[in-house]
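This is coords35.cif (mmCIF, C-alpha atoms and all ligand atoms).
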```
data_run
#
loop_
_atom_site.group_PDB
_atom_site.id
_atom_site.type_symbol
_atom_site.label_atom_id
_atom_site.label_comp_id
_atom_site.auth_asym_id
_atom_site.auth_seq_id
_atom_site.Cartn_x
_atom_site.Cartn_y
_atom_site.Cartn_z
ATOM 1 C CA MET A 907 20.825 168.508 -0.388
ATOM 2 C CA TYR A 908 20.627 167.110 -3.887
ATOM 3 C CA GLY A 909 18.852 169.124 -6.563
ATOM 4 C CA LEU A 910 16.385 166.277 -7.121
ATOM 5 C CA LEU A 911 14.259 167.577 -4.255
ATOM 6 C CA VAL A 912 14.550 171.242 -5.282
ATOM 7 C CA GLU A 913 13.666 170.337 -8.848
ATOM 8 C CA ASN A 914 10.708 168.324 -7.542
ATOM 9 C CA PHE A 915 9.534 171.413 -5.675
ATOM 10 C CA SER A 916 9.920 173.834 -8.595
ATOM 11 C CA GLU A 917 8.193 171.448 -11.027
ATOM 12 C CA TYR A 918 5.352 170.973 -8.570
ATOM 13 C CA ILE A 919 4.841 174.740 -8.185
ATOM 14 C CA LYS A 920 5.014 175.302 -11.951
ATOM 15 C CA GLY A 921 2.597 172.448 -12.671
ATOM 16 C CA GLU A 922 0.115 173.324 -9.946
ATOM 17 C CA PHE A 923 0.260 177.140 -9.819
ATOM 18 C CA GLY A 924 1.955 178.191 -13.080
ATOM 19 C CA GLU A 925 5.372 179.408 -14.269
ATOM 20 C CA ASP A 926 4.724 183.006 -13.221
ATOM 21 C CA LYS A 927 3.947 182.027 -9.660
ATOM 22 C CA TRP A 928 7.191 180.024 -9.520
ATOM 23 C CA GLU A 929 9.166 183.070 -10.693
ATOM 24 C CA GLU A 930 7.427 185.227 -8.092
ATOM 25 C CA ILE A 931 8.147 182.716 -5.315
ATOM 26 C CA ARG A 932 11.788 182.400 -6.332
ATOM 27 C CA ARG A 933 12.341 186.168 -6.401
ATOM 28 C CA HIS A 934 10.455 186.676 -3.145
ATOM 29 C CA ALA A 935 12.848 184.118 -1.575
ATOM 30 C CA ARG A 936 15.776 186.081 -3.052
ATOM 31 C CA ILE A 937 17.060 183.084 -4.984
ATOM 32 C CA GLU A 938 18.946 184.138 -8.118
ATOM 33 C CA GLN A 939 19.187 180.683 -9.656
ATOM 34 C CA SER A 940 16.212 179.481 -11.668
ATOM 35 C CA ASP A 941 17.329 176.024 -12.834
ATOM 36 C CA PHE A 942 18.628 173.172 -10.709
ATOM 37 C CA SER A 943 20.406 169.925 -11.559
ATOM 38 C CA THR A 944 19.156 166.740 -9.952
ATOM 39 C CA HIS A 945 22.664 165.408 -9.180
ATOM 40 C CA LYS A 946 24.185 168.631 -7.862
ATOM 41 C CA VAL A 947 24.339 169.358 -4.144
ATOM 42 C CA TYR A 948 22.758 172.634 -2.958
ATOM 43 C CA ASN A 949 22.680 174.424 0.359
ATOM 44 C CA GLU A 950 20.282 172.860 2.874
ATOM 45 C CA THR A 951 18.567 176.228 3.382
ATOM 46 C CA LEU A 952 17.515 176.539 -0.277
ATOM 47 C CA LEU A 953 14.365 174.406 -0.157
ATOM 48 C CA PRO A 954 13.130 175.738 3.232
ATOM 49 C CA LYS A 955 13.547 179.305 1.888
ATOM 50 C CA LEU A 956 11.544 178.511 -1.257
ATOM 51 C CA ALA A 957 8.863 176.697 0.759
ATOM 52 C CA LYS A 958 8.511 179.632 3.177
ATOM 53 C CA SER A 959 8.177 182.040 0.277
ATOM 54 C CA ALA A 960 5.551 179.819 -1.380
ATOM 55 C CA VAL A 961 3.509 179.605 1.828
ATOM 56 C CA GLU A 962 3.510 183.419 2.082
ATOM 57 C CA LEU A 963 2.618 184.078 -1.543
ATOM 58 C CA LEU A 964 0.135 181.273 -2.084
ATOM 59 C CA GLY A 965 -1.539 181.649 1.296
ATOM 60 C CA ILE A 966 -1.676 177.908 1.951
ATOM 61 C CA PRO A 967 -0.456 176.084 5.075
ATOM 62 C CA SER A 968 3.051 174.681 4.903
ATOM 63 C CA GLU A 969 1.707 171.149 5.662
ATOM 64 C CA LYS A 970 -0.529 171.280 2.602
ATOM 65 C CA LEU A 971 2.279 172.572 0.399
ATOM 66 C CA MET A 972 4.754 169.874 1.476
ATOM 67 C CA PHE A 973 2.117 167.148 1.170
ATOM 68 C CA GLY A 974 1.381 168.341 -2.381
ATOM 69 C CA MET A 975 5.092 168.268 -3.243
ATOM 70 C CA GLY A 976 5.274 164.684 -1.926
ATOM 71 C CA THR A 977 2.246 163.642 -3.961
ATOM 72 C CA TYR A 978 3.774 165.191 -7.071
ATOM 73 C CA PHE A 979 6.995 163.270 -6.454
ATOM 74 C CA VAL A 980 5.743 160.043 -8.111
ATOM 75 C CA GLU A 981 4.930 161.836 -11.357
ATOM 76 C CA PHE A 982 8.158 163.817 -11.131
ATOM 77 C CA VAL A 983 10.541 160.849 -10.693
ATOM 78 C CA GLY A 984 8.696 159.063 -13.508
ATOM 79 C CA GLN A 985 10.491 161.254 -16.054
ATOM 80 C CA TYR A 986 13.837 159.873 -14.830
ATOM 81 C CA GLY A 987 12.711 156.264 -14.987
ATOM 82 C CA TYR A 988 12.651 155.906 -11.195
ATOM 83 C CA ASP A 989 8.994 154.892 -11.333
ATOM 84 C CA ARG A 990 10.246 151.521 -12.595
ATOM 85 C CA VAL A 991 12.456 151.214 -9.533
ATOM 86 C CA LEU A 992 9.505 152.055 -7.285
ATOM 87 C CA SER A 993 7.258 149.544 -9.014
ATOM 88 C CA VAL A 994 9.536 146.612 -8.182
ATOM 89 C CA LEU A 995 9.955 147.365 -4.491
ATOM 90 C CA GLY A 996 7.581 144.589 -3.493
ATOM 91 C CA ARG A 997 4.234 142.921 -4.001
ATOM 92 C CA HIS A 998 2.470 144.754 -1.178
ATOM 93 C CA VAL A 999 2.544 148.200 0.451
ATOM 94 C CA ARG A 1000 4.263 146.673 3.501
ATOM 95 C CA ASP A 1001 7.103 145.369 1.306
ATOM 96 C CA PHE A 1002 7.520 148.806 -0.214
ATOM 97 C CA LEU A 1003 7.686 150.466 3.231
ATOM 98 C CA ASN A 1004 10.111 147.865 4.569
ATOM 99 C CA GLY A 1005 12.302 148.393 1.508
ATOM 100 C CA LEU A 1006 12.652 152.188 1.714
ATOM 101 C CA ASP A 1007 16.009 152.107 3.519
ATOM 102 C CA ASN A 1008 17.410 149.638 1.015
ATOM 103 C CA LEU A 1009 16.155 151.823 -1.828
ATOM 104 C CA HIS A 1010 18.011 154.875 -0.505
ATOM 105 C CA GLU A 1011 21.078 152.769 0.210
ATOM 106 C CA TYR A 1012 21.030 151.647 -3.421
ATOM 107 C CA LEU A 1013 20.533 155.263 -4.572
ATOM 108 C CA LYS A 1014 23.816 156.195 -2.901
ATOM 109 C CA PHE A 1015 25.525 154.840 -6.020
ATOM 110 C CA SER A 1016 23.987 157.731 -7.966
ATOM 111 C CA TYR A 1017 23.871 160.253 -5.090
ATOM 112 C CA PRO A 1018 26.986 159.469 -3.032
ATOM 113 C CA ARG A 1019 26.726 162.497 -0.742
ATOM 114 C CA MET A 1020 23.122 161.930 0.211
ATOM 115 C CA LYS A 1021 21.887 161.940 3.811
ATOM 116 C CA PRO A 1022 19.034 159.486 3.414
ATOM 117 C CA PRO A 1023 15.971 159.218 5.628
ATOM 118 C CA SER A 1024 15.276 155.983 7.499
ATOM 119 C CA PHE A 1025 11.998 154.125 7.990
ATOM 120 C CA PHE A 1026 10.968 151.432 10.438
ATOM 121 C CA CYS A 1027 7.674 149.488 10.553
ATOM 122 C CA GLU A 1028 6.131 148.413 13.858
ATOM 123 C CA ASN A 1029 2.894 147.059 15.390
ATOM 124 C CA GLU A 1030 1.605 145.659 12.136
ATOM 125 C CA SER A 1031 -1.950 144.402 11.865
ATOM 126 C CA SER A 1032 -4.266 143.523 8.988
ATOM 127 C CA THR A 1033 -5.476 147.158 8.943
ATOM 128 C CA GLY A 1034 -2.214 149.060 9.169
ATOM 129 C CA MET A 1035 0.953 149.723 11.138
ATOM 130 C CA LEU A 1036 3.042 152.306 12.941
ATOM 131 C CA LEU A 1037 5.739 153.845 10.790
ATOM 132 C CA HIS A 1038 8.807 155.558 12.219
ATOM 133 C CA TYR A 1039 10.587 158.089 10.041
ATOM 134 C CA ARG A 1040 14.010 159.387 11.052
ATOM 135 C CA SER A 1041 15.924 162.118 9.310
ATOM 136 C CA ARG A 1042 18.793 164.534 9.779
ATOM 137 C CA ARG A 1043 16.452 167.181 8.344
ATOM 138 C CA ARG A 1044 13.422 168.914 9.758
ATOM 139 C CA GLY A 1045 10.271 169.849 7.927
ATOM 140 C CA TYR A 1046 9.776 166.861 5.614
ATOM 141 C CA ALA A 1047 7.136 164.927 7.556
ATOM 142 C CA TYR A 1048 4.250 166.081 5.341
ATOM 143 C CA TYR A 1049 6.337 165.610 2.214
ATOM 144 C CA THR A 1050 6.833 161.988 3.300
ATOM 145 C CA MET A 1051 3.105 161.603 3.925
ATOM 146 C CA GLY A 1052 2.368 162.813 0.406
ATOM 147 C CA GLN A 1053 4.918 160.444 -1.127
ATOM 148 C CA ILE A 1054 3.723 157.344 0.713
ATOM 149 C CA THR A 1055 0.020 158.042 0.154
ATOM 150 C CA GLN A 1056 0.619 158.538 -3.553
ATOM 151 C CA VAL A 1057 2.883 155.500 -4.005
ATOM 152 C CA ALA A 1058 0.244 153.321 -2.276
ATOM 153 C CA LYS A 1059 -2.452 154.689 -4.567
ATOM 154 C CA TYR A 1060 -0.489 154.683 -7.819
ATOM 155 C CA PHE A 1061 1.472 151.415 -7.577
ATOM 156 C CA TYR A 1062 -0.687 149.316 -5.242
ATOM 157 C CA ASP A 1063 -4.152 150.717 -5.936
ATOM 158 C CA CYS A 1064 -4.467 150.870 -2.161
ATOM 159 C CA PRO A 1065 -6.138 153.827 -0.402
ATOM 160 C CA LEU A 1066 -3.979 154.703 2.596
ATOM 161 C CA GLU A 1067 -4.488 157.181 5.428
ATOM 162 C CA MET A 1068 -1.614 158.607 7.394
ATOM 163 C CA GLU A 1069 -1.835 160.374 10.715
ATOM 164 C CA LEU A 1070 1.124 162.153 12.257
ATOM 165 C CA LEU A 1071 1.173 160.977 15.877
ATOM 166 C CA GLN A 1072 4.364 162.492 17.210
ATOM 167 C CA GLU A 1073 7.407 164.476 16.117
ATOM 168 C CA GLU A 1074 10.465 164.820 18.316
ATOM 169 C CA PHE A 1075 14.017 166.023 17.885
ATOM 170 C CA VAL A 1076 16.953 164.262 19.472
ATOM 171 C CA PHE A 1077 20.169 166.181 18.852
ATOM 172 C CA ASP A 1078 20.371 166.538 15.061
ATOM 173 C CA THR A 1079 17.825 163.807 14.250
ATOM 174 C CA SER A 1080 14.091 164.188 13.862
ATOM 175 C CA HIS A 1081 11.911 161.218 14.717
ATOM 176 C CA VAL A 1082 8.362 161.189 13.395
ATOM 177 C CA THR A 1083 5.775 158.514 14.170
ATOM 178 C CA PHE A 1084 2.860 157.928 11.827
ATOM 179 C CA GLN A 1085 -0.182 155.710 12.160
ATOM 180 C CA LEU A 1086 -0.941 154.172 8.767
ATOM 181 C CA THR A 1087 -4.383 152.763 8.034
ATOM 182 C CA PHE A 1088 -4.723 150.602 4.922
ATOM 183 C CA ASP A 1089 -5.587 147.112 3.764
ATOM 184 C CA ASN A 1090 -2.608 145.241 5.195
ATOM 185 C CA ARG A 1091 -4.031 141.717 4.924
ATOM 186 C CA ALA A 1092 -0.705 140.751 3.355
ATOM 187 C CA PHE A 1093 0.699 140.907 6.887
ATOM 188 C CA SER A 1094 -1.857 138.439 8.320
ATOM 189 C CA ASN A 1095 -1.323 136.115 5.363
ATOM 190 C CA GLN A 1096 2.396 136.242 5.966
ATOM 191 C CA VAL A 1097 1.900 135.381 9.656
ATOM 192 C CA SER A 1098 -0.360 132.400 8.932
ATOM 193 C CA LEU A 1099 2.003 131.153 6.221
ATOM 194 C CA THR A 1100 4.903 131.280 8.676
ATOM 195 C CA LEU A 1101 2.885 129.429 11.336
ATOM 196 C CA LEU A 1102 1.767 126.823 8.822
ATOM 197 C CA ARG A 1103 5.334 126.233 7.763
ATOM 198 C CA GLU A 1104 6.407 125.859 11.382
ATOM 199 C CA GLU A 1105 3.568 123.536 12.313
ATOM 200 C CA ASN A 1106 3.786 121.273 9.313
ATOM 201 C CA VAL A 1107 6.876 119.386 8.358
ATOM 202 C CA LEU A 1108 10.422 120.553 8.716
ATOM 203 C CA PRO A 1109 11.790 121.663 5.373
ATOM 204 C CA LEU A 1110 14.690 119.249 6.102
ATOM 205 C CA LYS A 1111 14.652 115.499 5.768
ATOM 206 C CA GLY A 1112 15.513 113.635 8.986
ATOM 207 C CA ASN A 1113 18.536 112.010 7.392
ATOM 208 C CA MET A 1114 19.999 115.389 6.599
ATOM 209 C CA LEU A 1115 19.711 116.430 10.245
ATOM 210 C CA PHE A 1116 21.454 113.253 11.344
ATOM 211 C CA GLU A 1117 24.240 113.841 8.874
ATOM 212 C CA ILE A 1118 24.772 117.372 10.171
ATOM 213 C CA PHE A 1119 24.760 116.225 13.844
ATOM 214 C CA PRO A 1120 25.994 112.646 13.697
ATOM 215 C CA PHE A 1121 27.009 112.342 17.346
ATOM 216 C CA CYS A 1122 24.056 113.613 19.313
ATOM 217 C CA ILE A 1123 21.120 111.700 20.720
ATOM 218 C CA LEU A 1124 17.526 112.672 20.097
ATOM 219 C CA PHE A 1125 14.901 111.270 22.476
ATOM 220 C CA SER A 1126 11.296 111.242 21.532
ATOM 221 C CA SER A 1127 8.553 109.646 23.614
ATOM 222 C CA THR A 1128 5.995 109.717 20.817
ATOM 223 C CA ASP A 1129 7.837 109.097 17.595
ATOM 224 C CA TYR A 1130 9.317 105.666 17.780
ATOM 225 C CA VAL A 1131 10.342 105.602 14.134
ATOM 226 C CA SER A 1132 12.506 108.695 14.320
ATOM 227 C CA LEU A 1133 14.138 107.378 17.483
ATOM 228 C CA PHE A 1134 14.736 104.060 15.822
ATOM 229 C CA GLU A 1135 16.161 105.606 12.658
ATOM 230 C CA TYR A 1136 18.250 108.043 14.576
ATOM 231 C CA ILE A 1137 19.799 105.481 16.857
ATOM 232 C CA SER A 1138 20.513 103.270 13.878
ATOM 233 C CA TYR A 1139 22.405 106.070 12.270
ATOM 234 C CA CYS A 1140 24.075 107.283 15.435
ATOM 235 C CA ASP A 1141 25.108 103.781 16.262
ATOM 236 C CA GLU A 1142 26.805 103.468 12.908
ATOM 237 C CA SER A 1143 28.727 106.724 13.360
ATOM 238 C CA LEU A 1144 29.743 105.893 16.876
ATOM 239 C CA LEU A 1145 30.722 102.437 15.844
ATOM 240 C CA SER A 1146 33.083 103.798 13.233
ATOM 241 C CA VAL A 1147 34.915 105.767 15.958
ATOM 242 C CA HIS A 1148 34.466 103.458 18.959
ATOM 243 C CA PRO A 1149 33.604 100.094 17.478
ATOM 244 C CA HIS A 1150 33.360 98.333 20.836
ATOM 245 C CA ASP A 1151 31.990 101.044 23.176
ATOM 246 C CA ALA A 1152 29.165 102.448 21.144
ATOM 247 C CA VAL A 1153 26.432 99.867 21.714
ATOM 248 C CA PRO A 1154 26.411 99.885 25.549
ATOM 249 C CA TYR A 1155 25.846 103.694 25.588
ATOM 250 C CA ILE A 1156 22.609 103.283 23.757
ATOM 251 C CA GLY A 1157 21.318 101.170 26.580
ATOM 252 C CA ASP A 1158 17.965 99.508 26.303
ATOM 253 C CA ALA A 1159 16.879 101.101 23.048
ATOM 254 C CA ASN A 1160 15.849 98.730 20.336
ATOM 255 C CA VAL A 1161 18.964 99.109 18.191
ATOM 256 C CA HIS A 1162 19.302 97.665 14.744
ATOM 257 C CA HIS A 1163 22.591 97.670 12.912
ATOM 258 C CA SER A 1164 22.203 98.465 9.252
HETATM 259 C C1 LIG B 1201 13.313 155.970 -6.790
HETATM 260 C C2 LIG B 1201 12.782 156.956 -6.131
HETATM 261 C C3 LIG B 1201 13.543 157.834 -5.175
HETATM 262 C C4 LIG B 1201 14.660 158.574 -5.403
HETATM 263 C C5 LIG B 1201 15.444 158.701 -6.705
HETATM 264 C C6 LIG B 1201 14.982 159.240 -4.168
HETATM 265 C C7 LIG B 1201 16.058 160.070 -3.997
HETATM 266 C C8 LIG B 1201 16.254 160.879 -2.930
HETATM 267 C C9 LIG B 1201 17.299 161.885 -2.833
HETATM 268 C C10 LIG B 1201 18.378 162.160 -3.870
HETATM 269 C C11 LIG B 1201 17.136 162.511 -1.675
HETATM 270 C C12 LIG B 1201 17.981 163.694 -1.160
HETATM 271 C C13 LIG B 1201 18.931 163.241 -0.103
HETATM 272 C C14 LIG B 1201 20.055 164.223 0.100
HETATM 273 O O1 LIG B 1201 20.245 165.109 -0.719
HETATM 274 O O2 LIG B 1201 20.751 164.106 1.118
HETATM 275 C C15 LIG B 1201 15.986 161.912 -1.027
HETATM 276 C C16 LIG B 1201 15.488 162.320 0.159
HETATM 277 C C17 LIG B 1201 14.318 161.853 0.679
HETATM 278 N N1 LIG B 1201 13.611 160.749 0.291
HETATM 279 FE FE1 LIG B 1201 13.928 159.706 -1.376
HETATM 280 N N2 LIG B 1201 14.066 158.904 -3.217
HETATM 281 C C18 LIG B 1201 13.173 158.043 -3.798
HETATM 282 C C19 LIG B 1201 12.091 157.482 -3.229
HETATM 283 C C20 LIG B 1201 11.592 157.845 -2.010
HETATM 284 C C21 LIG B 1201 10.354 157.370 -1.477
HETATM 285 C C22 LIG B 1201 9.373 156.411 -2.165
HETATM 286 C C23 LIG B 1201 10.199 157.941 -0.284
HETATM 287 C C24 LIG B 1201 9.003 157.712 0.574
HETATM 288 C C25 LIG B 1201 8.885 157.972 1.776
HETATM 289 C C26 LIG B 1201 11.333 158.826 -0.052
HETATM 290 C C27 LIG B 1201 11.548 159.652 1.023
HETATM 291 C C28 LIG B 1201 12.509 160.634 1.085
HETATM 292 C C29 LIG B 1201 12.508 161.734 2.048
HETATM 293 C C30 LIG B 1201 11.457 161.969 3.116
HETATM 294 C C31 LIG B 1201 13.633 162.513 1.764
HETATM 295 C C32 LIG B 1201 14.086 163.900 2.274
HETATM 296 C C33 LIG B 1201 13.939 164.287 3.612
HETATM 297 C C34 LIG B 1201 14.924 163.675 4.536
HETATM 298 O O3 LIG B 1201 16.135 163.795 4.324
HETATM 299 O O4 LIG B 1201 14.442 163.061 5.476
HETATM 300 N N3 LIG B 1201 12.180 158.717 -1.132
HETATM 301 N N4 LIG B 1201 15.494 160.913 -1.803
#
```

Please lay out the structure from this file as structure tokens.
Amino acid sequence: MYGLLVENFSEYIKGEFGEDKWEEIRRHARIEQSDFSTHKVYNETLLPKLAKSAVELLGIPSEKLMFGMGTYFVEFVGQYGYDRVLSVLGRHVRDFLNGLDNLHEYLKFSYPRMKPPSFFCENESSTGMLLHYRSRRRGYAYYTMGQITQVAKYFYDCPLEMELLQEEFVFDTSHVTFQLTFDNRAFSNQVSLTLLREENVLPLKGNMLFEIFPFCILFSSTDYVSLFEYISYCDESLLSVHPHDAVPYIGDANVHHS
């Protein structure tokens, strides 16, 4: 695992509980090293060891500790300029959540050996959604909850509640399902905009369609004009290939040669 997460943890402990507590936690975990580099890869067991030690010494539940680390994350990555990356992930919380996989994919340029988490949005409504979180690691569900809650608050000014519904492990992958409750009216607006676009006019002009499909026949019982225009055009195309046969195929339609 990259040092970014370990550094996030140590900074959180120092900021929240003081330097001395951090030193105590580190020694209690039997970790010799006191400084970590964000772009260096460390053993996967390092962070779980430190977290276990912190839970024992601070006397707080592991869920609360990991949530706090996740909340602190936004402030922490700010010092590396990543807050600017986070702020352009989309106009609404739903855009941000839908963009998390792309964000980590992009971060692979800077962290090529990373094993990124994956997120998937489902069952969206104007008041929230289901969020699936998949990872090759265990124990980061509450960290994720802290991150998302804080990003929603800090960048979108949007209070968001997250409930962990289910956590299961399939081979080496953990799959966590969260219910998110927040003002997701952006979803309903998106749906009505899409419907409106579908119901109103086609974004293509009729002529363009005829140019793309010059040799097909469109029948419409209601729209005489489009039928008329279409057959006029079709007739012309067919005539250029089969000058003598084209007209009889069109049958009784009111054909005008242009
Ligand atoms: C620009 C900001 C971000 C940066 C630079 C960043 C970078 C990273 C890095 C380097 C890792 C370690 C991966 C590895 O070592 O294999 C990681 C893991 C992770 N990231 Fe991000 N990340 C960012 C934003 C986010 C956000 C907003 C979320 C919100 C959910 C998130 C969720 C996670 C989780 C849950 C993990 C670790 C646990 C796991 O592997 O499942 N990250 N990220």

Set out as JSON lines a contact list for chain A and ligand LIG 1201 (chain B) with a cut-off of 8 Å, giving each residue of chain A that qualifies its closest atom pair and distance in Å to one decimal, counting all atoms listed in the file, ordered by chain and rising residue number.
```
{"residue": "A:Met907", "atom": "CA", "partner": "B:LIG1201", "partner_atom": "O1", "distance": 3.5}
{"residue": "A:Tyr908", "atom": "CA", "partner": "B:LIG1201", "partner_atom": "O1", "distance": 3.8}
{"residue": "A:Gly909", "atom": "CA", "partner": "B:LIG1201", "partner_atom": "O1", "distance": 7.2}
{"residue": "A:Leu910", "atom": "CA", "partner": "B:LIG1201", "partner_atom": "C10", "distance": 5.6}
{"residue": "A:Leu911", "atom": "CA", "partner": "B:LIG1201", "partner_atom": "C12", "distance": 6.2}
{"residue": "A:Thr944", "atom": "CA", "partner": "B:LIG1201", "partner_atom": "C10", "distance": 7.7}
{"residue": "A:His945", "atom": "CA", "partner": "B:LIG1201", "partner_atom": "C10", "distance": 7.6}
{"residue": "A:Val947", "atom": "CA", "partner": "B:LIG1201", "partner_atom": "O1", "distance": 6.8}
{"residue": "A:Val980", "atom": "CA", "partner": "B:LIG1201", "partner_atom": "C22", "distance": 7.9}
{"residue": "A:Val983", "atom": "CA", "partner": "B:LIG1201", "partner_atom": "C2", "distance": 6.4}
{"residue": "A:Tyr988", "atom": "CA", "partner": "B:LIG1201", "partner_atom": "C1", "distance": 4.5}
{"residue": "A:Asp989", "atom": "CA", "partner": "B:LIG1201", "partner_atom": "C1", "distance": 6.4}
{"residue": "A:Arg990", "atom": "CA", "partner": "B:LIG1201", "partner_atom": "C1", "distance": 7.9}
{"residue": "A:Val991", "atom": "CA", "partner": "B:LIG1201", "partner_atom": "C1", "distance": 5.6}
{"residue": "A:Leu992", "atom": "CA", "partner": "B:LIG1201", "partner_atom": "C1", "distance": 5.5}
{"residue": "A:Leu1003", "atom": "CA", "partner": "B:LIG1201", "partner_atom": "C25", "distance": 7.7}
{"residue": "A:Leu1006", "atom": "CA", "partner": "B:LIG1201", "partner_atom": "C21", "distance": 6.5}
{"residue": "A:Leu1009", "atom": "CA", "partner": "B:LIG1201", "partner_atom": "C1", "distance": 7.1}
{"residue": "A:His1010", "atom": "CA", "partner": "B:LIG1201", "partner_atom": "N2", "distance": 6.3}
{"residue": "A:Leu1013", "atom": "CA", "partner": "B:LIG1201", "partner_atom": "C5", "distance": 6.5}
{"residue": "A:Tyr1017", "atom": "CA", "partner": "B:LIG1201", "partner_atom": "C10", "distance": 5.9}
{"residue": "A:Arg1019", "atom": "CA", "partner": "B:LIG1201", "partner_atom": "O2", "distance": 6.5}
{"residue": "A:Met1020", "atom": "CA", "partner": "B:LIG1201", "partner_atom": "O2", "distance": 3.3}
{"residue": "A:Lys1021", "atom": "CA", "partner": "B:LIG1201", "partner_atom": "O2", "distance": 3.6}
{"residue": "A:Pro1022", "atom": "CA", "partner": "B:LIG1201", "partner_atom": "C13", "distance": 5.1}
{"residue": "A:Pro1023", "atom": "CA", "partner": "B:LIG1201", "partner_atom": "O4", "distance": 4.1}
{"residue": "A:Ser1024", "atom": "CA", "partner": "B:LIG1201", "partner_atom": "O4", "distance": 7.4}
{"residue": "A:Phe1025", "atom": "CA", "partner": "B:LIG1201", "partner_atom": "C25", "distance": 7.9}
{"residue": "A:Tyr1039", "atom": "CA", "partner": "B:LIG1201", "partner_atom": "O4", "distance": 7.8}
{"residue": "A:Arg1040", "atom": "CA", "partner": "B:LIG1201", "partner_atom": "O4", "distance": 6.7}
{"residue": "A:Ser1041", "atom": "CA", "partner": "B:LIG1201", "partner_atom": "O4", "distance": 4.2}
{"residue": "A:Arg1042", "atom": "CA", "partner": "B:LIG1201", "partner_atom": "O3", "distance": 6.1}
{"residue": "A:Arg1043", "atom": "CA", "partner": "B:LIG1201", "partner_atom": "O3", "distance": 5.3}
{"residue": "A:Arg1044", "atom": "CA", "partner": "B:LIG1201", "partner_atom": "O4", "distance": 7.3}
{"residue": "A:Gly1045", "atom": "CA", "partner": "B:LIG1201", "partner_atom": "C33", "distance": 7.9}
{"residue": "A:Tyr1046", "atom": "CA", "partner": "B:LIG1201", "partner_atom": "C33", "distance": 5.3}
{"residue": "A:Ala1047", "atom": "CA", "partner": "B:LIG1201", "partner_atom": "C30", "distance": 6.9}
{"residue": "A:Tyr1049", "atom": "CA", "partner": "B:LIG1201", "partner_atom": "C30", "distance": 6.3}
{"residue": "A:Thr1050", "atom": "CA", "partner": "B:LIG1201", "partner_atom": "C30", "distance": 4.6}
{"residue": "A:Met1051", "atom": "CA", "partner": "B:LIG1201", "partner_atom": "C25", "distance": 7.2}
{"residue": "A:Gln1053", "atom": "CA", "partner": "B:LIG1201", "partner_atom": "C24", "distance": 5.2}
{"residue": "A:Ile1054", "atom": "CA", "partner": "B:LIG1201", "partner_atom": "C24", "distance": 5.3}
{"residue": "A:Val1057", "atom": "CA", "partner": "B:LIG1201", "partner_atom": "C22", "distance": 6.8}
```

Give as a ChimeraX atom specification the residues that the PyMOL selection byres (((chain A and resi 1089-1094) around 8) and not hetatm) matches when applied to the coordinates above.
/A:998-1000,1030-1034,1064-1066,1087-1088,1095-1098

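Contact shell of Leu952 of chain A at 12 Å (all atoms listed in the file; same-chain neighbours under 2 positions omitted): A:Met907, A:Tyr908, A:Gly909, A:Leu911, A:Val912, A:Glu913, A:Phe915, A:Ser916, A:Arg932, A:Ala935, A:Arg936, A:Ile937, A:Glu938, A:Gln939, A:Ser940, A:Phe942, A:Val947, A:Tyr948, A:Asn949, A:Glu950, A:Pro954, A:Lys955, A:Leu956, A:Ala957, A:Lys958, A:Ser959.
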
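Coordinates place atom CA of Gly984 of chain A at a distance of 19.0 Å from atom CA of Asp941 of chain A.
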
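Rounded to one decimal, atom CA of Glu1073 of chain A and atom CA of Glu922 of chain A lie 28.5 Å from each other.
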
Would you translate the PyMOL selection byres (((chain A and resi 960) around 12) and not hetatm) into the concrete set of residues it matches in this file, as a count of residues only?
35

Between atom CA of Gln1056 of chain A and atom CA of Met1068 of chain A lies a distance of 11.2 Å

Which residue, A:Phe1061, A:Lys946, A:Phe982, A:Phe1015, has the smallest gap to Val994 of chain A when you use all atoms listed in the file?
A:Phe1061

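Of the listed residues A:Tyr1062, A:Asn1004, A:Met1035, A:Gln1072, the one whose atoms come nearest to Leu1086 of chain A is A:Met1035, with distances taken using all atoms listed in the file.
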